[in-house]
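data00.cif (mmCIF, N, CA and C atoms) appears below.
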```cif
data_start
loop_
_atom_site.group_PDB
_atom_site.id
_atom_site.type_symbol
_atom_site.label_atom_id
_atom_site.label_comp_id
_atom_site.auth_asym_id
_atom_site.auth_seq_id
_atom_site.Cartn_x
_atom_site.Cartn_y
_atom_site.Cartn_z
ATOM 1 N N MET A 1 -44.921 224.924 -54.662
ATOM 2 C CA MET A 1 -44.728 226.357 -54.586
ATOM 3 C C MET A 1 -43.805 226.837 -55.708
ATOM 4 N N VAL A 2 -44.002 228.056 -56.090
ATOM 5 C CA VAL A 2 -43.104 228.638 -57.087
ATOM 6 C C VAL A 2 -41.785 228.991 -56.402
ATOM 7 N N ASP A 3 -40.711 228.907 -57.150
ATOM 8 C CA ASP A 3 -39.372 229.165 -56.637
ATOM 9 C C ASP A 3 -38.991 230.613 -56.928
ATOM 10 N N GLN A 4 -38.871 231.415 -55.895
ATOM 11 C CA GLN A 4 -38.539 232.832 -56.051
ATOM 12 C C GLN A 4 -37.189 233.048 -56.716
ATOM 13 N N PHE A 5 -36.310 232.066 -56.600
ATOM 14 C CA PHE A 5 -34.948 232.231 -57.098
ATOM 15 C C PHE A 5 -34.730 231.589 -58.465
ATOM 16 N N SER A 6 -35.753 230.985 -59.010
ATOM 17 C CA SER A 6 -35.649 230.377 -60.336
ATOM 18 C C SER A 6 -35.650 231.470 -61.400
ATOM 19 N N PRO A 7 -34.893 231.266 -62.483
ATOM 20 C CA PRO A 7 -34.926 232.250 -63.567
ATOM 21 C C PRO A 7 -36.225 232.201 -64.378
ATOM 22 N N ALA A 8 -36.993 231.114 -64.230
ATOM 23 C CA ALA A 8 -38.262 230.989 -64.954
ATOM 24 C C ALA A 8 -39.298 231.921 -64.337
ATOM 25 N N PRO A 9 -40.094 232.604 -65.165
ATOM 26 C CA PRO A 9 -41.151 233.475 -64.627
ATOM 27 C C PRO A 9 -42.141 232.678 -63.765
ATOM 28 N N PHE A 10 -42.718 233.352 -62.786
ATOM 29 C CA PHE A 10 -43.664 232.691 -61.881
ATOM 30 C C PHE A 10 -44.807 232.029 -62.637
ATOM 31 N N TYR A 11 -45.346 232.698 -63.670
ATOM 32 C CA TYR A 11 -46.500 232.121 -64.366
ATOM 33 C C TYR A 11 -46.132 230.830 -65.084
ATOM 34 N N VAL A 12 -44.904 230.726 -65.586
ATOM 35 C CA VAL A 12 -44.461 229.496 -66.246
ATOM 36 C C VAL A 12 -44.304 228.389 -65.208
ATOM 37 N N GLN A 13 -43.721 228.728 -64.064
ATOM 38 C CA GLN A 13 -43.589 227.745 -62.983
ATOM 39 C C GLN A 13 -44.961 227.243 -62.545
ATOM 40 N N LEU A 14 -45.902 228.179 -62.387
ATOM 41 C CA LEU A 14 -47.245 227.810 -61.951
ATOM 42 C C LEU A 14 -47.923 226.931 -62.994
ATOM 43 N N ALA A 15 -47.812 227.290 -64.262
ATOM 44 C CA ALA A 15 -48.398 226.472 -65.327
ATOM 45 C C ALA A 15 -47.816 225.065 -65.295
ATOM 46 N N ASP A 16 -46.514 224.956 -65.080
ATOM 47 C CA ASP A 16 -45.874 223.637 -65.010
ATOM 48 C C ASP A 16 -46.378 222.829 -63.817
ATOM 49 N N LEU A 17 -46.570 223.498 -62.679
ATOM 50 C CA LEU A 17 -47.088 222.803 -61.491
ATOM 51 C C LEU A 17 -48.514 222.293 -61.728
ATOM 52 N N ILE A 18 -49.344 223.128 -62.344
ATOM 53 C CA ILE A 18 -50.720 222.710 -62.630
ATOM 54 C C ILE A 18 -50.723 221.599 -63.674
ATOM 55 N N ALA A 19 -49.853 221.704 -64.681
ATOM 56 C CA ALA A 19 -49.760 220.661 -65.712
ATOM 57 C C ALA A 19 -49.398 219.320 -65.083
ATOM 58 N N LYS A 20 -48.504 219.323 -64.098
ATOM 59 C CA LYS A 20 -48.138 218.076 -63.415
ATOM 60 C C LYS A 20 -49.333 217.489 -62.683
ATOM 61 N N ARG A 21 -50.161 218.351 -62.094
ATOM 62 C CA ARG A 21 -51.371 217.876 -61.409
ATOM 63 C C ARG A 21 -52.358 217.267 -62.402
ATOM 64 N N ILE A 22 -52.413 217.834 -63.609
ATOM 65 C CA ILE A 22 -53.283 217.284 -64.652
ATOM 66 C C ILE A 22 -52.744 215.936 -65.111
ATOM 67 N N GLU A 23 -51.446 215.873 -65.384
ATOM 68 C CA GLU A 23 -50.827 214.639 -65.874
ATOM 69 C C GLU A 23 -50.907 213.515 -64.856
ATOM 70 N N SER A 24 -50.847 213.847 -63.568
ATOM 71 C CA SER A 24 -50.911 212.824 -62.519
ATOM 72 C C SER A 24 -52.335 212.318 -62.291
ATOM 73 N N GLY A 25 -53.324 213.040 -62.844
ATOM 74 C CA GLY A 25 -54.715 212.648 -62.645
ATOM 75 C C GLY A 25 -55.368 213.327 -61.455
ATOM 76 N N GLU A 26 -54.614 214.129 -60.717
ATOM 77 C CA GLU A 26 -55.187 214.857 -59.584
ATOM 78 C C GLU A 26 -56.279 215.814 -60.067
ATOM 79 N N LEU A 27 -56.017 216.469 -61.207
ATOM 80 C CA LEU A 27 -57.037 217.301 -61.861
ATOM 81 C C LEU A 27 -57.508 216.523 -63.086
ATOM 82 N N GLN A 28 -58.752 216.116 -63.073
ATOM 83 C CA GLN A 28 -59.260 215.176 -64.071
ATOM 84 C C GLN A 28 -59.899 215.865 -65.274
ATOM 85 N N PRO A 29 -59.882 215.170 -66.420
ATOM 86 C CA PRO A 29 -60.504 215.709 -67.637
ATOM 87 C C PRO A 29 -61.970 216.081 -67.409
ATOM 88 N N LEU A 30 -62.360 217.192 -68.011
ATOM 89 C CA LEU A 30 -63.719 217.728 -67.977
ATOM 90 C C LEU A 30 -64.153 218.205 -66.591
ATOM 91 N N LYS A 31 -63.211 218.311 -65.674
ATOM 92 C CA LYS A 31 -63.492 218.852 -64.338
ATOM 93 C C LYS A 31 -62.887 220.255 -64.258
ATOM 94 N N PRO A 32 -63.484 221.143 -63.474
ATOM 95 C CA PRO A 32 -62.967 222.514 -63.400
ATOM 96 C C PRO A 32 -61.643 222.603 -62.650
ATOM 97 N N LEU A 33 -60.840 223.583 -63.065
ATOM 98 C CA LEU A 33 -59.647 223.922 -62.286
ATOM 99 C C LEU A 33 -60.114 224.612 -61.015
ATOM 100 N N PRO A 34 -59.273 224.620 -59.990
ATOM 101 C CA PRO A 34 -59.611 225.449 -58.821
ATOM 102 C C PRO A 34 -59.748 226.912 -59.258
ATOM 103 N N SER A 35 -60.486 227.681 -58.496
ATOM 104 C CA SER A 35 -60.705 229.093 -58.832
ATOM 105 C C SER A 35 -59.390 229.868 -58.814
ATOM 106 N N GLU A 36 -59.417 231.032 -59.464
ATOM 107 C CA GLU A 36 -58.230 231.900 -59.453
ATOM 108 C C GLU A 36 -57.830 232.224 -58.022
ATOM 109 N N LEU A 37 -58.811 232.555 -57.191
ATOM 110 C CA LEU A 37 -58.530 232.896 -55.799
ATOM 111 C C LEU A 37 -57.885 231.719 -55.072
ATOM 112 N N ARG A 38 -58.413 230.543 -55.288
ATOM 113 C CA ARG A 38 -57.856 229.343 -54.639
ATOM 114 C C ARG A 38 -56.415 229.118 -55.076
ATOM 115 N N LEU A 39 -56.134 229.262 -56.369
ATOM 116 C CA LEU A 39 -54.776 229.079 -56.874
ATOM 117 C C LEU A 39 -53.847 230.160 -56.321
ATOM 118 N N GLN A 40 -54.335 231.405 -56.222
ATOM 119 C CA GLN A 40 -53.546 232.492 -55.626
ATOM 120 C C GLN A 40 -53.133 232.123 -54.205
ATOM 121 N N GLN A 41 -54.099 231.681 -53.428
ATOM 122 C CA GLN A 41 -53.838 231.358 -52.029
ATOM 123 C C GLN A 41 -52.946 230.120 -51.897
ATOM 124 N N GLU A 42 -53.208 229.130 -52.710
ATOM 125 C CA GLU A 42 -52.465 227.872 -52.625
ATOM 126 C C GLU A 42 -50.987 228.052 -52.976
ATOM 127 N N TYR A 43 -50.713 228.878 -53.995
ATOM 128 C CA TYR A 43 -49.339 229.024 -54.471
ATOM 129 C C TYR A 43 -48.681 230.342 -54.071
ATOM 130 N N GLY A 44 -49.431 231.233 -53.426
ATOM 131 C CA GLY A 44 -48.860 232.488 -52.954
ATOM 132 C C GLY A 44 -48.430 233.423 -54.076
ATOM 133 N N VAL A 45 -49.252 233.497 -55.117
ATOM 134 C CA VAL A 45 -48.933 234.350 -56.265
ATOM 135 C C VAL A 45 -50.058 235.351 -56.504
ATOM 136 N N ALA A 46 -49.809 236.316 -57.372
ATOM 137 C CA ALA A 46 -50.793 237.347 -57.692
ATOM 138 C C ALA A 46 -51.818 236.841 -58.705
ATOM 139 N N ARG A 47 -52.934 237.527 -58.768
ATOM 140 C CA ARG A 47 -54.001 237.166 -59.700
ATOM 141 C C ARG A 47 -53.519 237.169 -61.151
ATOM 142 N N GLY A 48 -52.727 238.156 -61.519
ATOM 143 C CA GLY A 48 -52.193 238.228 -62.878
ATOM 144 C C GLY A 48 -51.323 237.030 -63.212
ATOM 145 N N THR A 49 -50.594 236.536 -62.225
ATOM 146 C CA THR A 49 -49.754 235.350 -62.424
ATOM 147 C C THR A 49 -50.625 234.137 -62.713
ATOM 148 N N VAL A 50 -51.706 233.989 -61.963
ATOM 149 C CA VAL A 50 -52.631 232.871 -62.178
ATOM 150 C C VAL A 50 -53.244 232.968 -63.572
ATOM 151 N N ARG A 51 -53.680 234.147 -63.951
ATOM 152 C CA ARG A 51 -54.295 234.318 -65.266
ATOM 153 C C ARG A 51 -53.313 234.022 -66.393
ATOM 154 N N ALA A 52 -52.065 234.458 -66.242
ATOM 155 C CA ALA A 52 -51.053 234.189 -67.265
ATOM 156 C C ALA A 52 -50.759 232.689 -67.340
ATOM 157 N N ALA A 53 -50.727 232.017 -66.194
ATOM 158 C CA ALA A 53 -50.485 230.572 -66.175
ATOM 159 C C ALA A 53 -51.624 229.829 -66.870
ATOM 160 N N ILE A 54 -52.855 230.228 -66.616
ATOM 161 C CA ILE A 54 -54.006 229.588 -67.252
ATOM 162 C C ILE A 54 -53.970 229.833 -68.758
ATOM 163 N N ALA A 55 -53.593 231.032 -69.164
ATOM 164 C CA ALA A 55 -53.471 231.327 -70.599
ATOM 165 C C ALA A 55 -52.427 230.408 -71.241
ATOM 166 N N LEU A 56 -51.320 230.181 -70.551
ATOM 167 C CA LEU A 56 -50.280 229.291 -71.067
ATOM 168 C C LEU A 56 -50.791 227.853 -71.146
ATOM 169 N N LEU A 57 -51.536 227.430 -70.152
ATOM 170 C CA LEU A 57 -52.117 226.081 -70.180
ATOM 171 C C LEU A 57 -53.104 225.933 -71.338
ATOM 172 N N ARG A 58 -53.854 227.018 -71.645
ATOM 173 C CA ARG A 58 -54.752 226.996 -72.799
ATOM 174 C C ARG A 58 -53.953 226.823 -74.085
ATOM 175 N N GLU A 59 -52.849 227.576 -74.208
ATOM 176 C CA GLU A 59 -51.995 227.462 -75.392
ATOM 177 C C GLU A 59 -51.441 226.046 -75.542
ATOM 178 N N ARG A 60 -51.156 225.405 -74.427
ATOM 179 C CA ARG A 60 -50.625 224.034 -74.443
ATOM 180 C C ARG A 60 -51.719 223.001 -74.700
ATOM 181 N N GLY A 61 -52.980 223.443 -74.695
ATOM 182 C CA GLY A 61 -54.091 222.523 -74.942
ATOM 183 C C GLY A 61 -54.492 221.694 -73.746
ATOM 184 N N LEU A 62 -54.071 222.101 -72.558
ATOM 185 C CA LEU A 62 -54.390 221.332 -71.349
ATOM 186 C C LEU A 62 -55.699 221.746 -70.699
ATOM 187 N N VAL A 63 -56.120 222.994 -70.940
ATOM 188 C CA VAL A 63 -57.373 223.488 -70.360
ATOM 189 C C VAL A 63 -58.139 224.282 -71.401
ATOM 190 N N MET A 64 -59.434 224.444 -71.133
ATOM 191 C CA MET A 64 -60.283 225.286 -71.971
ATOM 192 C C MET A 64 -61.103 226.170 -71.035
ATOM 193 N N THR A 65 -61.299 227.424 -71.442
ATOM 194 C CA THR A 65 -62.069 228.357 -70.633
ATOM 195 C C THR A 65 -63.377 228.650 -71.340
ATOM 196 N N MET A 66 -64.467 228.486 -70.594
ATOM 197 C CA MET A 66 -65.791 228.776 -71.123
ATOM 198 C C MET A 66 -66.330 229.994 -70.373
ATOM 199 N N PRO A 67 -66.616 231.073 -71.108
ATOM 200 C CA PRO A 67 -67.096 232.289 -70.445
ATOM 201 C C PRO A 67 -68.288 232.011 -69.531
ATOM 202 N N GLN A 68 -68.254 232.624 -68.366
ATOM 203 C CA GLN A 68 -69.303 232.515 -67.352
ATOM 204 C C GLN A 68 -69.401 231.120 -66.724
ATOM 205 N N ARG A 69 -68.500 230.211 -67.093
ATOM 206 C CA ARG A 69 -68.565 228.851 -66.540
ATOM 207 C C ARG A 69 -67.279 228.429 -65.858
ATOM 208 N N GLY A 70 -66.147 228.951 -66.306
ATOM 209 C CA GLY A 70 -64.886 228.591 -65.673
ATOM 210 C C GLY A 70 -63.921 227.925 -66.630
ATOM 211 N N THR A 71 -62.845 227.428 -66.067
ATOM 212 C CA THR A 71 -61.792 226.774 -66.834
ATOM 213 C C THR A 71 -61.765 225.302 -66.462
ATOM 214 N N TYR A 72 -61.735 224.463 -67.496
ATOM 215 C CA TYR A 72 -61.813 223.018 -67.315
ATOM 216 C C TYR A 72 -60.619 222.322 -67.948
ATOM 217 N N VAL A 73 -60.250 221.196 -67.378
ATOM 218 C CA VAL A 73 -59.209 220.354 -67.962
ATOM 219 C C VAL A 73 -59.773 219.759 -69.243
ATOM 220 N N THR A 74 -58.988 219.781 -70.315
ATOM 221 C CA THR A 74 -59.468 219.236 -71.585
ATOM 222 C C THR A 74 -59.476 217.716 -71.553
ATOM 223 N N GLU A 75 -60.315 217.149 -72.406
ATOM 224 C CA GLU A 75 -60.430 215.699 -72.486
ATOM 225 C C GLU A 75 -59.172 215.089 -73.076
ATOM 226 N N SER A 76 -58.744 215.626 -74.227
ATOM 227 C CA SER A 76 -57.466 215.180 -74.787
ATOM 228 C C SER A 76 -56.431 216.179 -74.317
ATOM 229 N N ARG A 77 -55.486 215.711 -73.562
ATOM 230 C CA ARG A 77 -54.570 216.603 -72.873
ATOM 231 C C ARG A 77 -53.369 216.992 -73.696
ATOM 232 N N GLY A 78 -53.524 217.076 -75.017
ATOM 233 C CA GLY A 78 -52.416 217.506 -75.851
ATOM 234 C C GLY A 78 -51.339 216.463 -76.007
ATOM 235 N N ASP A 79 -51.674 215.175 -75.760
ATOM 236 C CA ASP A 79 -50.692 214.112 -75.830
ATOM 237 C C ASP A 79 -50.472 213.608 -77.239
ATOM 238 N N ALA A 80 -51.152 214.174 -78.206
ATOM 239 C CA ALA A 80 -51.109 213.664 -79.565
ATOM 240 C C ALA A 80 -49.765 213.799 -80.213
#
```
Spell out the structure here as structure tokens.
Amino acid sequence: MVDQFSPAPFYVQLADLIAKRIESGELQPLKPLPSELRLQQEYGVARGTVRAAIALLRERGLVMTMPQRGTYVTESRGDA
């Protein structure tokens, strides 16, 4: 869960939580992320927060978004 009392913005906290799931192997390469709605419900955050977190994960090279198909974990997880 995101920490309401942390100075870090919710979207950064959420991106970090999802990144940990990717690094642990819970979310596997070339597999889709859970839907925005699922992430909203799971973490108790707004849709905009989920979208901002996914955008941050894209910037970090951990996920890729394909229009009309969804967002997927990248094969090379930016470990280079």
Run the PyMOL selection byres ((chain A and resi 2) around 8) on the file and write out the hits as a ChimeraX atom specification. /A:1,3-6,9-10,13-14,42-45
Expressed in Å, the length from CA of Glu36 in chain A to CA of Arg51 in chain A is 7.4 Å
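Put simply, atom N of Glu75 in chain A is 29.5 Å away from atom C of Pro7 in chain A.
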Neighbour list for range 58-69 of chain A as a list in words, cut-off 10 Å, only C-alpha atoms, skip fewer than 2 positions in-chain: Ala15, Ile18, Ala19, Ile22, Glu23, Pro29, Leu30, Lys31, Pro32, Leu33, Ala52, Ala53, Ile54, Ala55, Leu56, Thr71, Tyr72, Val73, Thr74, Glu75, Ser76, Arg77, Gly78 and Asp79 of chain A
Using DSSP on the backbone coordinates, identify all residues within chain A classified as alpha helix (DSSP H); present the result as an NGL selection string. :A and (10-24 or 36-43 or 47-59)
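Across the model, the gap from atom C of Tyr11 in chain A to atom N of Thr49 in chain A is 7.8 Å.
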Any chance you could work out the axis-aligned box around range 20-23 of chain A, listed atoms only, 6 Å on each side, giving centre and edge lengths in Å to one decimal, as lines of an AutoDock Vina configuration file?
```
center_x = -50.7
center_y = 216.4
center_z = -63.6
size_x = 17.1
size_y = 17.8
size_z = 16.5
```
Calculated over all atoms listed in the file, which of the candidates A:Leu37, A:Leu17, A:Ser24, A:Ala8 has the smallest distance to Val50 in chain A?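 Using all atoms listed in the file, Val50 in chain A sits closest to A:Leu37.
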From a DSSP calculation on the backbone, collect every residue of chain A in strand (DSSP E) and output the set as number ranges by chain. A: 63-66, 70-73
